[in-house]
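Q: Dumping the structure here so I can ask a few things about it.
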Amino acid sequence: MLELSNVSKLFYPGSPDEKIALFGINLKLNPGDFITVIGSNGAGKSTLMNIISGVMTPDTGHVKINDSAITHLQEHQRSRWVGRVFQDPMAGTAPNMTIEENLAMAYSRDKSRGLGFGTTARRRKLFLEQLQRLNLGLENRFRAKVGQLSGGERQALSLLMATFTRPQILLLDEHTAALDPSRAELITRLTDSIVREMNLTTLMVTHNMEQAIRLGNRLIMMDKGRIILDVNEERKKTLTVEQLLGEFEQISGHKMADDRVVFG
Ligand SMILES: Nc1ncnc2c1ncn2[C@@H]1O[C@H](COP(=O)(O)OP(=O)(O)OP(=O)(O)O)[C@@H](O)[C@H]1O
């Protein structure tokens, strides 16, 4: 499915500000894997997401999806395979367009359907069905401008749009971090059900330790550009937040420095 081999990324090489964002990352995701990613500030989590989605090119190494090298494909060339939801609820949707127009835009990303896909009525029916799944009543606000929605509603719509075309890889980049606790929990539950239902191969960065343990079938921990711990499904079932933080300290030699960390 997704494979990263020996991926490294350096910023400002050779200058006093040199930063190793990723160092020799090897990561292989199997189809249907749902991996949560945690780590301290500046560990390289966002850089990892940026390299997989094509926002950045690695200095060394390769990225493959289904055995095809995509290392040098631009972000828009990968958008058919890679869906992404950002932390900022404003980032994934177009505020001046209606819910229907936003969904149509997401739908057209799958070029195999062609631009002439179905009739408008058929397409609308499909969109309404998808919106109903969110259970937020957005199907009754089909023609409302997305800019009028709350942060949680927009993030739910972003999630729907990112998964609409059943991407090969779904990237969730702290996508609940900017929401209040009840909205964050709602989006977390939605994420879990959509990912399971569609069997999506997913990487989710989170600062919520309890969420990282509870969700998915694998957990990776990053520090200073490296993957320092890889926890499998079996181990994750009995893991506690205290144990996880203890392991982090033991392996990295320092406490997890994360100003946004949420323990439970
Ligand atoms: N565009 C950039 N230019 C320069 N340095 C960068 C850039 N992006 C990331 N870095 C640096 O690379 C390192 C890894 O950053 P990254 O944002 O990937 O970490 P992170 O794990 O997502 O951190 P956080 O949890 O604090 O968001 C950091 O030292 C950061 O300052």
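Residues in the structure tokens are numbered from 1 in each chain, the chains being A, B, ... in the order shown, and ligands are numbered from 1 in the order shown.
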If you run DSSP on the backbone here, which positions in stretch 9-54 of chain A get strand (DSSP E)? Please write them as a ChimeraX atom specification.
A: /A:9-11,19-29,34-39
Q: Counting only C-alpha atoms and all ligand atoms, what are the residues, protein, DNA or RNA alike, that approach ligand 1 to within 10 Å? I want them as a ChimeraX atom specification.
A: /A:9-12,17-22,37-51,56,173-174,205-207,222-225,257-261
Q: Atoms to include: C-alpha atoms. Write the selected residues as a CSV table (one decimal), in the first residue's frame.
A:
```csv
chain,number,residue,atom,x,y,z
A,9,LYS,CA,14.2,16.0,5.0
A,10,LEU,CA,16.5,18.7,6.1
A,11,PHE,CA,15.7,22.4,6.3
A,12,TYR,CA,18.3,25.1,5.8
A,17,ASP,CA,19.5,27.1,11.4
A,18,GLU,CA,19.8,23.6,10.0
A,19,LYS,CA,16.9,21.4,11.1
A,20,ILE,CA,16.6,17.7,10.5
A,21,ALA,CA,12.8,17.3,10.1
A,22,LEU,CA,12.9,13.6,9.1
A,37,VAL,CA,1.0,9.1,15.1
A,38,ILE,CA,2.2,10.9,18.2
A,39,GLY,CA,5.4,12.8,19.1
A,40,SER,CA,6.9,15.8,20.7
A,41,ASN,CA,7.0,19.3,19.2
A,42,GLY,CA,9.0,19.5,16.1
A,43,ALA,CA,9.2,15.6,15.8
A,44,GLY,CA,8.5,15.7,12.1
A,45,LYS,CA,4.9,14.6,12.1
A,46,SER,CA,3.6,17.4,9.8
A,47,THR,CA,6.7,17.0,7.5
A,48,LEU,CA,5.8,13.3,7.2
A,49,MET,CA,2.3,14.2,6.1
A,50,ASN,CA,3.6,16.9,3.7
A,51,ILE,CA,5.9,14.4,2.1
A,56,MET,CA,7.3,18.6,0.0
A,173,ASP,CA,-3.4,16.0,10.5
A,174,GLU,CA,-4.5,16.9,14.0
A,205,VAL,CA,-1.5,12.7,13.8
A,206,THR,CA,-2.9,13.5,17.2
A,207,HIS,CA,-1.8,15.2,20.4
A,222,MET,CA,8.2,10.1,16.6
A,223,ASP,CA,11.0,12.1,18.1
A,224,LYS,CA,13.6,14.3,16.4
A,225,GLY,CA,12.7,13.1,12.9
A,257,ALA,CA,7.8,18.2,25.2
A,258,ASP,CA,4.5,18.9,23.6
A,259,ASP,CA,2.6,22.1,24.5
A,260,ARG,CA,-0.6,20.8,23.1
A,261,VAL,CA,-0.6,17.3,24.5
```
Q: For A:Gln211, which residue out of A:Lys125, A:Arg109, A:Arg189, A:Arg154 is the nearest one, using only C-alpha atoms?
A: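 Looking only at the distances to A:Gln211, the closest residue turns out to be A:Arg189.
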Q: So, counting only C-alpha atoms, which residue among A:Gln155, A:Ile251, A:Thr202, A:Ser53 is closest to A:Ile169?
A: A:Thr202
Q: Determine, counting only C-alpha atoms, which protein, DNA and RNA residues have an atom within 10 Å of an atom of A:Ile220; residues of the same chain fewer than 2 positions away are not included. Present the result as a PyMOL selection string.
A: chain A and resi 27+35-39+203-205+212+218+222+227-232
